[in-house]
file my_file-v6.txt (compact mmCIF, C-alpha atoms)
# COMPACT_ATOMS: atom_id res chain seq x y z
CA MET A 30 0.00 0.00 0.00
CA ILE A 31 1.23 3.44 -0.88
CA SER A 32 0.72 5.93 1.90
CA VAL A 33 -0.66 9.42 1.34
CA GLY A 34 0.34 11.81 4.14
CA ILE A 35 -1.51 14.80 5.51
CA SER A 36 -1.47 17.61 2.96
CA ASP A 37 -0.42 15.27 0.18
CA TRP A 38 -1.84 13.47 -2.87
CA LYS A 39 -0.77 10.51 -4.95
CA ILE A 40 -1.93 8.71 -8.09
CA VAL A 41 -1.57 5.01 -8.84
CA THR A 42 -2.64 2.34 -11.33
CA PRO A 43 -3.36 -1.39 -10.73
CA PRO A 44 -2.32 -3.41 -8.86
CA ASP A 45 -1.46 -0.66 -6.37
CA THR A 46 -3.59 0.57 -3.51
CA LEU A 47 -3.47 3.92 -1.74
CA VAL A 48 -4.04 4.53 1.95
CA THR A 49 -4.37 7.65 4.05
CA TYR A 50 -4.42 7.12 7.81
CA ALA A 51 -6.49 8.65 10.54
CA LEU A 52 -8.42 11.41 8.84
CA GLY A 53 -9.84 13.55 11.62
CA SER A 54 -11.26 16.88 10.49
CA CYS A 55 -9.23 16.52 7.31
CA VAL A 56 -10.94 15.16 4.21
CA GLY A 57 -9.77 12.35 1.94
CA ILE A 58 -10.81 12.67 -1.70
CA CYS A 59 -10.58 9.66 -4.00
CA LEU A 60 -10.87 10.33 -7.73
CA TYR A 61 -11.20 7.27 -9.96
CA ASP A 62 -11.31 6.73 -13.70
CA LYS A 63 -12.98 3.34 -14.04
CA MET A 64 -12.17 2.92 -17.74
CA ASN A 65 -8.47 3.65 -17.52
CA LYS A 66 -8.11 2.41 -13.96
CA ILE A 67 -6.33 5.46 -12.63
CA ALA A 68 -6.86 6.28 -8.95
CA GLY A 69 -5.90 9.41 -7.04
CA LEU A 70 -6.16 10.09 -3.33
CA SER A 71 -5.79 13.52 -1.75
CA HIS A 72 -5.68 14.34 1.99
CA ILE A 73 -6.55 18.00 2.50
CA MET A 74 -6.36 19.95 5.77
CA LEU A 75 -8.03 23.24 5.01
CA PRO A 76 -10.83 24.50 2.78
CA ASP A 77 -9.55 27.56 1.02
CA SER A 78 -6.15 28.73 -0.23
CA GLN A 79 -7.19 32.36 -0.52
CA ASN A 80 -5.03 34.69 1.59
CA HIS A 81 -2.34 32.03 1.81
CA GLU A 82 0.92 31.70 0.01
CA THR A 83 0.75 28.52 -1.99
CA SER A 84 4.04 26.87 -2.74
CA GLU A 85 3.92 23.65 -4.71
CA THR A 86 3.56 21.60 -1.53
CA GLY A 87 1.34 24.25 0.08
CA ARG A 88 -1.21 23.69 -2.69
CA MET A 89 -1.71 20.15 -1.41
CA LYS A 90 -3.03 21.53 1.88
CA PHE A 91 -6.19 23.15 0.54
CA ALA A 92 -9.32 21.67 -1.07
CA ASP A 93 -9.53 24.32 -3.78
CA THR A 94 -5.97 23.76 -5.01
CA ALA A 95 -5.21 20.11 -4.23
CA ILE A 96 -8.21 18.62 -6.07
CA PRO A 97 -7.70 20.45 -9.42
CA ASP A 98 -3.94 19.76 -9.28
CA MET A 99 -4.50 16.04 -8.73
CA LEU A 100 -7.18 15.93 -11.43
CA ASN A 101 -4.86 17.60 -13.95
CA LYS A 102 -2.11 15.15 -13.20
CA MET A 103 -4.52 12.24 -13.64
CA ILE A 104 -5.58 13.61 -17.03
CA LYS A 105 -1.91 13.94 -18.01
CA MET A 106 -1.50 10.29 -17.11
CA GLY A 107 -4.30 9.35 -19.49
CA ALA A 108 -7.45 9.63 -17.39
CA ILE A 109 -10.56 10.96 -19.08
CA LYS A 110 -12.28 13.64 -17.09
CA SER A 111 -15.84 12.68 -17.97
CA THR A 112 -15.34 9.18 -16.54
CA ILE A 113 -13.83 10.33 -13.24
CA LYS A 114 -15.96 9.99 -10.15
CA ALA A 115 -15.26 10.88 -6.52
CA LYS A 116 -15.65 9.28 -3.12
CA ILE A 117 -14.97 11.35 -0.03
CA ALA A 118 -14.50 10.70 3.68
CA GLY A 119 -13.52 12.60 6.83
CA GLY A 120 -14.40 16.07 8.07
CA ALA A 121 -15.25 14.84 11.55
CA ILE A 122 -15.61 16.92 14.68
CA MET A 123 -13.10 15.18 16.93
CA PHE A 124 -13.90 17.11 20.10
CA LYS A 125 -17.34 18.33 21.03
CA LEU A 126 -16.79 21.81 22.33
CA ALA A 127 -19.28 24.42 23.38
CA ASN A 128 -19.59 27.22 20.81
CA ASP A 129 -16.80 25.84 18.69
CA ARG A 130 -15.67 28.66 16.48
CA PHE A 131 -13.70 26.40 14.23
CA ASN A 132 -15.78 23.45 13.06
CA ILE A 133 -13.19 23.05 10.39
CA GLY A 134 -14.37 19.54 9.53
CA GLU A 135 -17.66 20.77 8.15
CA ARG A 136 -16.01 23.67 6.33
CA ASN A 137 -13.59 21.22 4.73
CA VAL A 138 -16.43 18.99 3.51
CA VAL A 139 -18.34 21.95 2.09
CA ALA A 140 -15.23 23.19 0.28
CA VAL A 141 -14.44 19.74 -1.14
CA LYS A 142 -17.97 19.34 -2.51
CA ALA A 143 -17.96 22.85 -3.98
CA THR A 144 -14.63 22.21 -5.68
CA LEU A 145 -15.82 18.87 -7.10
CA GLN A 146 -19.01 20.48 -8.32
CA SER A 147 -17.14 23.27 -10.08
CA LEU A 148 -15.02 20.60 -11.78
CA ARG A 149 -18.22 18.66 -12.64
CA ILE A 150 -17.08 15.52 -10.88
CA PRO A 151 -19.95 13.57 -9.31
CA VAL A 152 -19.65 12.28 -5.74
CA LEU A 153 -20.54 8.57 -5.79
CA ALA A 154 -20.33 8.00 -2.05
CA GLN A 155 -19.36 9.80 1.11
CA ASP A 156 -18.82 9.18 4.80
CA THR A 157 -18.31 12.62 6.27
CA GLY A 158 -18.90 14.62 9.44
CA LYS A 159 -19.86 12.88 12.69
CA ASP A 160 -17.31 12.41 15.43
CA TYR A 161 -14.83 9.67 14.54
CA GLY A 162 -11.50 9.33 12.78
CA ARG A 163 -11.24 7.37 9.53
CA THR A 164 -8.59 5.58 7.53
CA MET A 165 -9.31 5.47 3.79
CA ILE A 166 -8.00 2.71 1.49
CA VAL A 167 -8.38 2.97 -2.28
CA ASN A 168 -7.88 0.03 -4.65
CA ALA A 169 -6.83 1.11 -8.14
CA THR A 170 -7.98 -2.17 -9.70
CA ASP A 171 -11.69 -1.54 -9.16
CA GLY A 172 -11.92 1.86 -7.50
CA SER A 173 -13.29 0.32 -4.31
CA VAL A 174 -12.82 2.31 -1.12
CA ILE A 175 -12.64 0.89 2.39
CA ILE A 176 -13.14 3.02 5.48
CA LYS A 177 -11.71 1.91 8.84
CA SER A 178 -12.44 3.43 12.23
CA ALA A 179 -11.24 2.87 15.79
CA ASN A 180 -14.58 1.85 17.23
CA ARG A 181 -16.91 1.08 14.35
CA GLY A 182 -14.95 -1.51 12.41
CA ALA A 183 -14.44 -1.26 8.66
CA TRP A 184 -16.80 -1.05 5.70
CA ASN A 185 -17.00 -0.41 1.97
CA LEU A 186 -17.77 3.10 0.86
CA MET B 24 7.98 36.63 14.95
CA LYS B 25 5.57 35.25 12.40
CA LYS B 26 6.15 31.53 12.52
CA TYR B 27 7.22 29.06 15.17
CA GLU B 28 10.44 28.58 13.26
CA ASP B 29 11.41 32.16 14.13
CA LEU B 30 11.90 31.26 17.80
CA LYS B 31 15.45 31.61 19.11
CA GLU B 32 17.29 29.47 21.63
CA VAL B 33 16.48 31.79 24.51
CA HIS B 34 12.79 31.44 23.71
CA ILE B 35 13.06 27.67 23.70
CA ASP B 36 14.80 27.79 27.09
CA VAL B 37 12.01 29.87 28.55
CA LEU B 38 9.34 27.56 27.13
CA THR B 39 11.17 24.56 28.55
CA GLU B 40 11.27 26.19 31.96
CA ILE B 41 7.59 27.02 31.80
CA GLY B 42 6.88 23.44 30.82
CA ASN B 43 9.04 22.28 33.67
CA ILE B 44 7.18 24.23 36.33
CA GLY B 45 3.91 23.18 34.77
CA SER B 46 5.00 19.52 34.88
CA GLY B 47 5.84 19.77 38.55
CA ASN B 48 2.42 21.17 39.33
CA ALA B 49 0.67 18.60 37.18
CA SER B 50 2.59 15.70 38.77
CA THR B 51 1.70 16.88 42.25
CA ALA B 52 -1.95 17.14 41.30
CA LEU B 53 -1.99 13.69 39.74
CA CYS B 54 -0.22 12.09 42.72
CA ALA B 55 -2.73 13.65 45.08
CA MET B 56 -5.66 12.37 43.05
CA THR B 57 -4.50 8.83 42.49
CA GLY B 58 -2.31 8.19 45.53
CA ARG B 59 0.25 6.75 43.13
CA ASP B 60 3.81 7.70 42.40
CA ILE B 61 3.76 9.82 39.32
CA VAL B 62 6.69 11.55 37.66
CA ILE B 63 6.38 13.80 34.67
CA SER B 64 9.54 14.07 32.60
CA MET B 65 11.45 17.21 31.74
CA PRO B 66 9.51 18.77 28.95
CA GLU B 67 10.83 18.81 25.47
CA VAL B 68 10.13 21.72 23.16
CA ARG B 69 9.71 20.35 19.68
CA PHE B 70 8.87 21.64 16.27
CA LEU B 71 6.97 18.88 14.59
CA ALA B 72 6.41 18.70 10.87
CA PHE B 73 2.74 17.91 10.32
CA GLN B 74 3.52 14.47 8.91
CA ASP B 75 5.49 13.59 12.05
CA ALA B 76 2.91 15.06 14.39
CA ILE B 77 0.25 12.62 13.24
CA ALA B 78 2.50 9.66 12.48
CA HIS B 79 3.04 8.57 16.11
CA SER B 80 6.13 6.42 15.53
CA GLY B 81 4.53 4.84 12.53
CA ASN B 82 1.15 4.00 13.98
CA PRO B 83 -1.30 6.85 13.36
CA GLU B 84 -4.20 4.41 13.83
CA GLN B 85 -3.42 3.52 17.43
CA THR B 86 -6.42 4.00 19.69
CA VAL B 87 -5.76 6.58 22.41
CA ALA B 88 -7.77 8.68 24.82
CA ALA B 89 -7.46 12.45 24.74
CA VAL B 90 -8.60 15.51 26.65
CA LEU B 91 -8.54 18.87 24.93
CA VAL B 92 -8.66 22.16 26.79
CA ARG B 93 -8.77 25.36 24.82
CA LEU B 94 -6.95 28.42 26.13
CA LYS B 95 -8.29 31.93 25.70
CA ASP B 96 -7.75 35.55 26.79
CA GLU B 97 -4.06 36.51 26.91
CA VAL B 98 -2.76 33.12 25.84
CA GLU B 99 -4.62 31.34 23.06
CA GLY B 100 -4.07 27.82 21.94
CA MET B 101 -4.73 24.44 23.46
CA ILE B 102 -3.52 21.84 25.88
CA LEU B 103 -3.94 18.33 24.64
CA LEU B 104 -3.43 15.35 26.91
CA ILE B 105 -3.05 12.11 24.96
CA VAL B 106 -2.80 8.83 26.85
CA GLU B 107 -2.54 5.23 25.80
CA HIS B 108 -4.41 2.26 27.14
CA GLU B 109 -1.92 1.41 29.88
CA PHE B 110 -2.15 4.85 31.44
CA VAL B 111 -5.95 4.85 31.39
CA ALA B 112 -5.98 1.34 32.90
CA ASN B 113 -3.72 2.45 35.75
CA ILE B 114 -5.72 5.58 36.48
CA LEU B 115 -9.04 3.75 36.48
CA ASN B 116 -7.53 1.04 38.60
CA SER B 117 -6.50 3.52 41.27
CA PHE B 118 -9.86 5.29 41.10
CA PHE B 119 -12.33 2.46 40.82
CA GLY B 120 -10.21 -0.64 41.38
CA GLU B 121 -11.01 -1.76 37.86
CA LYS B 122 -9.03 -4.55 36.30
CA ASN B 123 -10.24 -4.88 32.74
CA VAL B 124 -10.29 -1.56 31.03
CA ASP B 125 -11.22 -1.23 27.36
CA LEU B 126 -10.72 2.22 25.84
CA LEU B 127 -13.56 1.66 23.41
CA THR B 128 -16.19 0.82 26.02
CA LEU B 129 -15.58 3.36 28.79
CA ASN B 130 -18.66 4.22 30.84
CA ASP B 131 -19.78 7.70 31.86
CA ASP B 132 -18.09 7.61 35.27
CA GLU B 133 -14.80 6.57 33.74
CA ILE B 134 -15.03 9.25 31.09
CA SER B 135 -15.76 11.99 33.60
CA ALA B 136 -12.90 10.82 35.84
CA LEU B 137 -10.47 10.94 32.91
CA THR B 138 -11.81 14.29 31.72
CA GLU B 139 -11.35 15.70 35.20
CA ILE B 140 -7.78 14.46 35.34
CA GLY B 141 -7.05 16.12 32.02
CA ASN B 142 -8.68 19.25 33.29
CA ILE B 143 -6.74 19.39 36.55
CA MET B 144 -3.45 18.64 34.87
CA SER B 145 -4.10 21.33 32.28
CA HIS B 146 -4.92 23.86 34.94
CA SER B 147 -1.79 23.18 36.92
CA TYR B 148 0.09 23.82 33.71
CA ILE B 149 -1.81 26.99 32.98
CA ASN B 150 -1.28 28.28 36.52
CA ALA B 151 2.45 27.96 36.02
CA ILE B 152 2.41 30.15 32.93
CA SER B 153 -0.05 32.54 34.44
CA THR B 154 2.00 33.03 37.60
CA LEU B 155 5.32 33.28 35.80
CA ALA B 156 4.24 35.76 33.17
CA GLY B 157 1.39 37.52 34.92
CA LEU B 158 -0.93 36.73 32.06
CA GLN B 159 -4.65 36.15 32.33
CA ILE B 160 -5.45 32.75 30.84
CA GLY B 161 -8.97 31.45 30.55
CA THR B 162 -10.09 27.97 29.53
CA ASP B 163 -13.10 26.39 27.90
CA THR B 164 -14.80 23.27 29.21
CA PRO B 165 -12.58 20.25 28.55
CA SER B 166 -13.58 17.74 25.94
CA PHE B 167 -12.81 14.03 25.92
CA THR B 168 -12.56 11.52 23.11
CA VAL B 169 -11.19 8.08 22.26
CA ASP B 170 -10.01 7.66 18.71
CA MET B 171 -7.04 7.17 16.39
CA PHE B 172 -3.93 9.07 17.42
CA GLY B 173 -3.54 10.70 14.02
CA ALA B 174 -7.14 11.87 13.88
CA ILE B 175 -6.77 13.52 17.28
CA MET B 176 -3.50 15.20 16.37
CA SER B 177 -5.08 16.51 13.19
CA VAL B 178 -7.00 18.96 15.38
CA PRO B 179 -4.00 21.11 16.40
CA VAL B 180 -2.31 20.46 13.06
CA ILE B 181 -5.25 21.93 11.18
CA GLU B 182 -5.76 24.83 13.52
CA PHE B 183 -2.17 25.90 13.30
CA GLY B 184 -1.76 24.77 9.71
CA GLU B 185 -2.75 28.15 8.37
CA VAL B 186 0.36 29.83 9.72
CA GLY B 187 3.08 27.40 8.75
CA GLU B 188 4.28 23.89 8.16
CA LYS B 189 5.22 23.01 11.71
CA LEU B 190 3.66 22.63 15.10
CA LEU B 191 5.30 23.80 18.31
CA CYS B 192 4.73 21.29 21.08
CA ILE B 193 5.90 21.37 24.63
CA ASP B 194 5.81 17.66 25.20
CA LYS B 195 6.14 15.64 28.40
CA VAL B 196 6.17 11.95 29.12
CA ILE B 197 4.36 10.71 32.22
CA GLU B 198 5.75 7.94 34.43
CA PHE B 199 3.36 5.96 36.59
CA ASP B 200 4.81 3.99 39.53
CA GLY B 201 8.18 3.98 37.83
CA VAL B 202 6.82 2.73 34.51
CA LYS B 203 7.12 5.05 31.55
CA MET B 204 3.81 5.24 29.80
CA LYS B 205 3.27 6.72 26.47
CA SER B 206 1.34 9.75 27.51
CA HIS B 207 1.81 13.16 26.14
CA MET B 208 0.79 16.50 27.45
CA LEU B 209 1.09 19.00 24.67
CA LEU B 210 0.93 22.74 25.14
CA ILE B 211 0.27 24.32 21.80
CA PRO B 212 0.16 28.11 21.89
CA THR B 213 -0.61 30.35 18.94
CA VAL B 214 2.21 32.43 17.50
CA LYS B 215 0.47 35.61 18.66
CA SER B 216 0.24 34.30 22.21
CA LEU B 217 3.91 33.41 22.24
CA LYS B 218 4.66 37.00 21.28
CA ASN B 219 2.52 38.18 24.18
CA LEU B 220 4.25 35.84 26.54
CA PHE B 221 7.77 36.86 25.60
CA GLU B 222 6.87 40.54 25.69
CA LYS B 223 5.55 40.14 29.20
CA LEU B 224 8.70 38.35 30.23
CA GLY B 225 10.82 41.05 28.60
CA ILE B 226 12.55 38.72 26.15

call {"tool": "encode", "arguments": {"input": "my_file-v6.txt", "output": "structure tokens"}}
result
Amino acid sequence: MISVGISDWKIVTPPDTLVTYALGSCVGICLYDKMNKIAGLSHIMLPDSQNHETSETGRMKFADTAIPDMLNKMIKMGAIKSTIKAKIAGGAIMFKLANDRFNIGERNVVAVKATLQSLRIPVLAQDTGKDYGRTMIVNATDGSVIIKSANRGAWNL
Amino acid sequence: MKKYEDLKEVHIDVLTEIGNIGSGNASTALCAMTGRDIVISMPEVRFLAFQDAIAHSGNPEQTVAAVLVRLKDEVEGMILLIVEHEFVANILNSFFGEKNVDLLTLNDDEISALTEIGNIMSHSYINAISTLAGLQIGTDTPSFTVDMFGAIMSVPVIEFGEVGEKLLCIDKVIEFDGVKMKSHMLLIPTVKSLKNLFEKLGI
């Protein structure tokens, strides 16, 4: 399994699988071209790159820069945009706090969906929000996604 | 000072000393509560790259318990107490005489005991800073969770991720009856609060 770190994205083809561990309020975005069997997985931390300097690695931090960058790279590798579909997971609220001014998890999910919509990529499945961490495993052979949690077991997304 | 990386050696020394006094207070509080022999190590001031902060010696998925206390007023940031199963088992054993502790099935009493411990330890830490620097530091109600280490650490990483690529942690290891347990008490101040702190201290 090829590991995708926080604020990182990677693209693989069969027989490889991608994994990103312990998404908390971060969001994992899997893009998959079923015809050409090209899979990408991005692990974003923050919704919006505006007002931030974005170095090449910095762009991997934000939903609005990481997703288009990964998509472009997939297309360069031979993926066809109209066949690419997304699955997303994460954006949890890890600590329940009174009047939490951050709720970054939800803002991340909203930003990811808005970015995907603007790129016209449909979201096939999602497991977002709530209050638990998630590991996301993507299989490039069939585009299947497995979600693992500490206290809820594992399931197919 | 705009980023944590701008801190100089003298700043690190001061933060270590603050952590040190805070540790002493927190140990005393924990000993008094549990009646056990508890030592909290010399704190280590570390700049963690985000990847390393969540990696946890290669096991970001390890299940841990955590108490988060947010700081407000003149010092903003958070204190995060992260403890592994062994520590929780020892604490609950000294409180309730429990033998078989499972992190994933804690009951309400156990959760409130652990939350309270996190709260008291955080406050003894905060009092040290407050006394030393004469700064007013408020806290929010503590919050408890059990989850993957990486998912818990993503909380400070994200919050401080807007200002840089690294996290400043004042990290301490807790020893329980002579046994080192993987427990971390992280003080994570904002850059602005650090500025405040050093100004007050005339550094």

call {"tool": "interface_residues", "arguments": {"input": "my_file-v6.txt", "of": "chain A", "to": "chain B", "cutoff": "6 Å", "atoms": "all atoms listed in the file", "output": "list in words"}}
result
Ala51, Leu52, Gly53, Met74, Phe124, Gly162 and Ala179 of chain A

call {"tool": "residues_around", "arguments": {"input": "my_file-v6.txt", "residues": "range 169-176 of chain A", "least_positions_apart": "6", "cutoff": "7 Å", "atoms": "only C-alpha atoms", "output": "list in words"}}
result
Val41, Thr42, Pro43, Pro44, Asp45, Thr46, Tyr61, Lys63, Lys66, Ile67, Ala68, Arg163, Ala183, Trp184, Asn185 and Leu186 of chain A

call {"tool": "atom_distance", "arguments": {"input": "my_file-v6.txt", "atom1": "CA of Val202 in chain B", "atom2": "CA of Val62 in chain B"}}
result
9.4 Å

call {"tool": "atom_distance", "arguments": {"input": "my_file-v6.txt", "atom1": "CA of Ala49 in chain B", "atom2": "CA of Leu103 in chain B"}}
result
13.4 Å

call {"tool": "closest_residue", "arguments": {"input": "my_file-v6.txt", "among": "A:Asn180, A:Thr49, A:Asn101, A:Thr144", "to": "Asp77 in chain A", "atoms": "all atoms listed in the file"}}
result
A:Thr144

call {"tool": "residues_around", "arguments": {"input": "my_file-v6.txt", "residues": "Ala136 in chain B", "least_positions_apart": "4", "cutoff": "9 Å", "atoms": "all atoms listed in the file", "output": "MDAnalysis selection string"}}
result
chainID B and resid 114:115 118 131:132 140:141

call {"tool": "write_last_selection", "arguments": {"input": "my_file-v6.txt", "atoms": "C-alpha atoms", "output": "PDB file, keeping the file's coordinate frame"}}
result
ATOM      1  CA  ILE B 114      -5.720   5.580  36.480  1.00  0.00           C
ATOM      2  CA  LEU B 115      -9.040   3.750  36.480  1.00  0.00           C
ATOM      3  CA  PHE B 118      -9.860   5.290  41.100  1.00  0.00           C
ATOM      4  CA  ASP B 131     -19.780   7.700  31.860  1.00  0.00           C
ATOM      5  CA  ASP B 132     -18.090   7.610  35.270  1.00  0.00           C
ATOM      6  CA  ILE B 140      -7.780  14.460  35.340  1.00  0.00           C
ATOM      7  CA  GLY B 141      -7.050  16.120  32.020  1.00  0.00           C
TER       8      GLY B 141
END

call {"tool": "closest_residue", "arguments": {"input": "my_file-v6.txt", "among": "A:Ile150, A:His81, A:Ser54, A:Leu75", "to": "Lys116 in chain A", "atoms": "all atoms listed in the file"}}
result
A:Ile150

call {"tool": "atom_distance", "arguments": {"input": "my_file-v6.txt", "atom1": "CA of Gln155 in chain A", "atom2": "CA of Thr94 in chain A"}}
result
20.3 Å

call {"tool": "residues_around", "arguments": {"input": "my_file-v6.txt", "residues": "Ile73 in chain A", "least_positions_apart": "3", "cutoff": "12 Å", "atoms": "all atoms listed in the file", "output": "PyMOL selection string"}}
result
(chain A and resi 33-38+49+52-59+70+76-78+86-96+99+117-120+133-134+136-138+140-141) or (chain B and resi 177+180-181+184)

call {"tool": "closest_residue", "arguments": {"input": "my_file-v6.txt", "among": "B:Ile44, B:Ile149, B:Ala156, B:Leu94", "to": "Ile226 in chain B", "atoms": "only C-alpha atoms"}}
result
B:Ala156

call {"tool": "closest_residue", "arguments": {"input": "my_file-v6.txt", "among": "B:Met144, B:Leu158, B:Val33, B:Leu38", "to": "Glu97 in chain B", "atoms": "all atoms listed in the file"}}
result
B:Leu158

call {"tool": "closest_residue", "arguments": {"input": "my_file-v6.txt", "among": "A:Ala115, A:Ile166, A:Ile109, A:Ile122", "to": "Leu60 in chain A", "atoms": "all atoms listed in the file"}}
result
A:Ala115

call {"tool": "closest_residue", "arguments": {"input": "my_file-v6.txt", "among": "B:Leu129, B:Ala151, B:Asp96, B:Tyr27", "to": "Gly47 in chain B", "atoms": "only C-alpha atoms"}}
result
B:Ala151

call {"tool": "decode", "arguments": {"input": "my_file-v6.txt", "residues": "range 135-142 of chain A", "atoms": "all heavy atoms", "output": "mmCIF file, in the first residue's frame"}}
result
data_model
loop_
_atom_site.group_PDB
_atom_site.id
_atom_site.type_symbol
_atom_site.label_atom_id
_atom_site.label_comp_id
_atom_site.auth_asym_id
_atom_site.auth_seq_id
_atom_site.Cartn_x
_atom_site.Cartn_y
_atom_site.Cartn_z
ATOM 1 N N GLU A 135 -16.517 20.477 9.011
ATOM 2 C CA GLU A 135 -17.657 20.766 8.150
ATOM 3 C C GLU A 135 -17.258 21.717 7.027
ATOM 4 O O GLU A 135 -17.647 21.550 5.872
ATOM 5 C CB GLU A 135 -18.777 21.375 8.996
ATOM 6 C CG GLU A 135 -20.095 21.441 8.276
ATOM 7 C CD GLU A 135 -21.166 22.102 9.136
ATOM 8 O OE1 GLU A 135 -21.196 21.809 10.352
ATOM 9 O OE2 GLU A 135 -21.940 22.898 8.595
ATOM 10 N N ARG A 136 -16.453 22.718 7.364
ATOM 11 C CA ARG A 136 -16.008 23.666 6.326
ATOM 12 C C ARG A 136 -15.173 22.949 5.266
ATOM 13 O O ARG A 136 -15.254 23.272 4.081
ATOM 14 C CB ARG A 136 -15.211 24.808 6.969
ATOM 15 C CG ARG A 136 -16.116 25.855 7.611
ATOM 16 C CD ARG A 136 -15.356 26.806 8.528
ATOM 17 N NE ARG A 136 -14.151 27.336 7.928
ATOM 18 C CZ ARG A 136 -13.085 27.749 8.623
ATOM 19 N NH1 ARG A 136 -13.098 27.680 9.929
ATOM 20 N NH2 ARG A 136 -12.031 28.228 8.009
ATOM 21 N N ASN A 137 -14.379 21.993 5.691
ATOM 22 C CA ASN A 137 -13.590 21.216 4.727
ATOM 23 C C ASN A 137 -14.491 20.438 3.777
ATOM 24 O O ASN A 137 -14.256 20.413 2.568
ATOM 25 C CB ASN A 137 -12.657 20.248 5.464
ATOM 26 C CG ASN A 137 -11.360 20.911 5.898
ATOM 27 O OD1 ASN A 137 -10.944 21.916 5.329
ATOM 28 N ND2 ASN A 137 -10.721 20.342 6.908
ATOM 29 N N VAL A 138 -15.527 19.791 4.338
ATOM 30 C CA VAL A 138 -16.429 18.986 3.506
ATOM 31 C C VAL A 138 -17.155 19.881 2.498
ATOM 32 O O VAL A 138 -17.252 19.559 1.308
ATOM 33 C CB VAL A 138 -17.438 18.206 4.381
ATOM 34 C CG1 VAL A 138 -18.481 17.521 3.516
ATOM 35 C CG2 VAL A 138 -16.706 17.183 5.248
ATOM 36 N N VAL A 139 -17.632 21.021 2.975
ATOM 37 C CA VAL A 139 -18.341 21.949 2.093
ATOM 38 C C VAL A 139 -17.423 22.396 0.948
ATOM 39 O O VAL A 139 -17.813 22.405 -0.228
ATOM 40 C CB VAL A 139 -18.859 23.176 2.895
ATOM 41 C CG1 VAL A 139 -19.344 24.277 1.960
ATOM 42 C CG2 VAL A 139 -19.967 22.751 3.847
ATOM 43 N N ALA A 140 -16.180 22.719 1.293
ATOM 44 C CA ALA A 140 -15.230 23.190 0.277
ATOM 45 C C ALA A 140 -14.892 22.095 -0.732
ATOM 46 O O ALA A 140 -14.782 22.351 -1.932
ATOM 47 C CB ALA A 140 -13.959 23.703 0.949
ATOM 48 N N VAL A 141 -14.759 20.865 -0.240
ATOM 49 C CA VAL A 141 -14.440 19.739 -1.137
ATOM 50 C C VAL A 141 -15.586 19.535 -2.131
ATOM 51 O O VAL A 141 -15.374 19.403 -3.331
ATOM 52 C CB VAL A 141 -14.185 18.450 -0.321
ATOM 53 C CG1 VAL A 141 -14.262 17.212 -1.215
ATOM 54 C CG2 VAL A 141 -12.826 18.526 0.361
ATOM 55 N N LYS A 142 -16.817 19.549 -1.621
ATOM 56 C CA LYS A 142 -17.973 19.342 -2.506
ATOM 57 C C LYS A 142 -18.101 20.474 -3.527
ATOM 58 O O LYS A 142 -18.404 20.228 -4.696
ATOM 59 C CB LYS A 142 -19.250 19.234 -1.674
ATOM 60 C CG LYS A 142 -19.369 17.899 -0.959
ATOM 61 C CD LYS A 142 -20.692 17.813 -0.229
ATOM 62 C CE LYS A 142 -20.811 16.520 0.541
ATOM 63 N NZ LYS A 142 -21.927 16.572 1.492
#
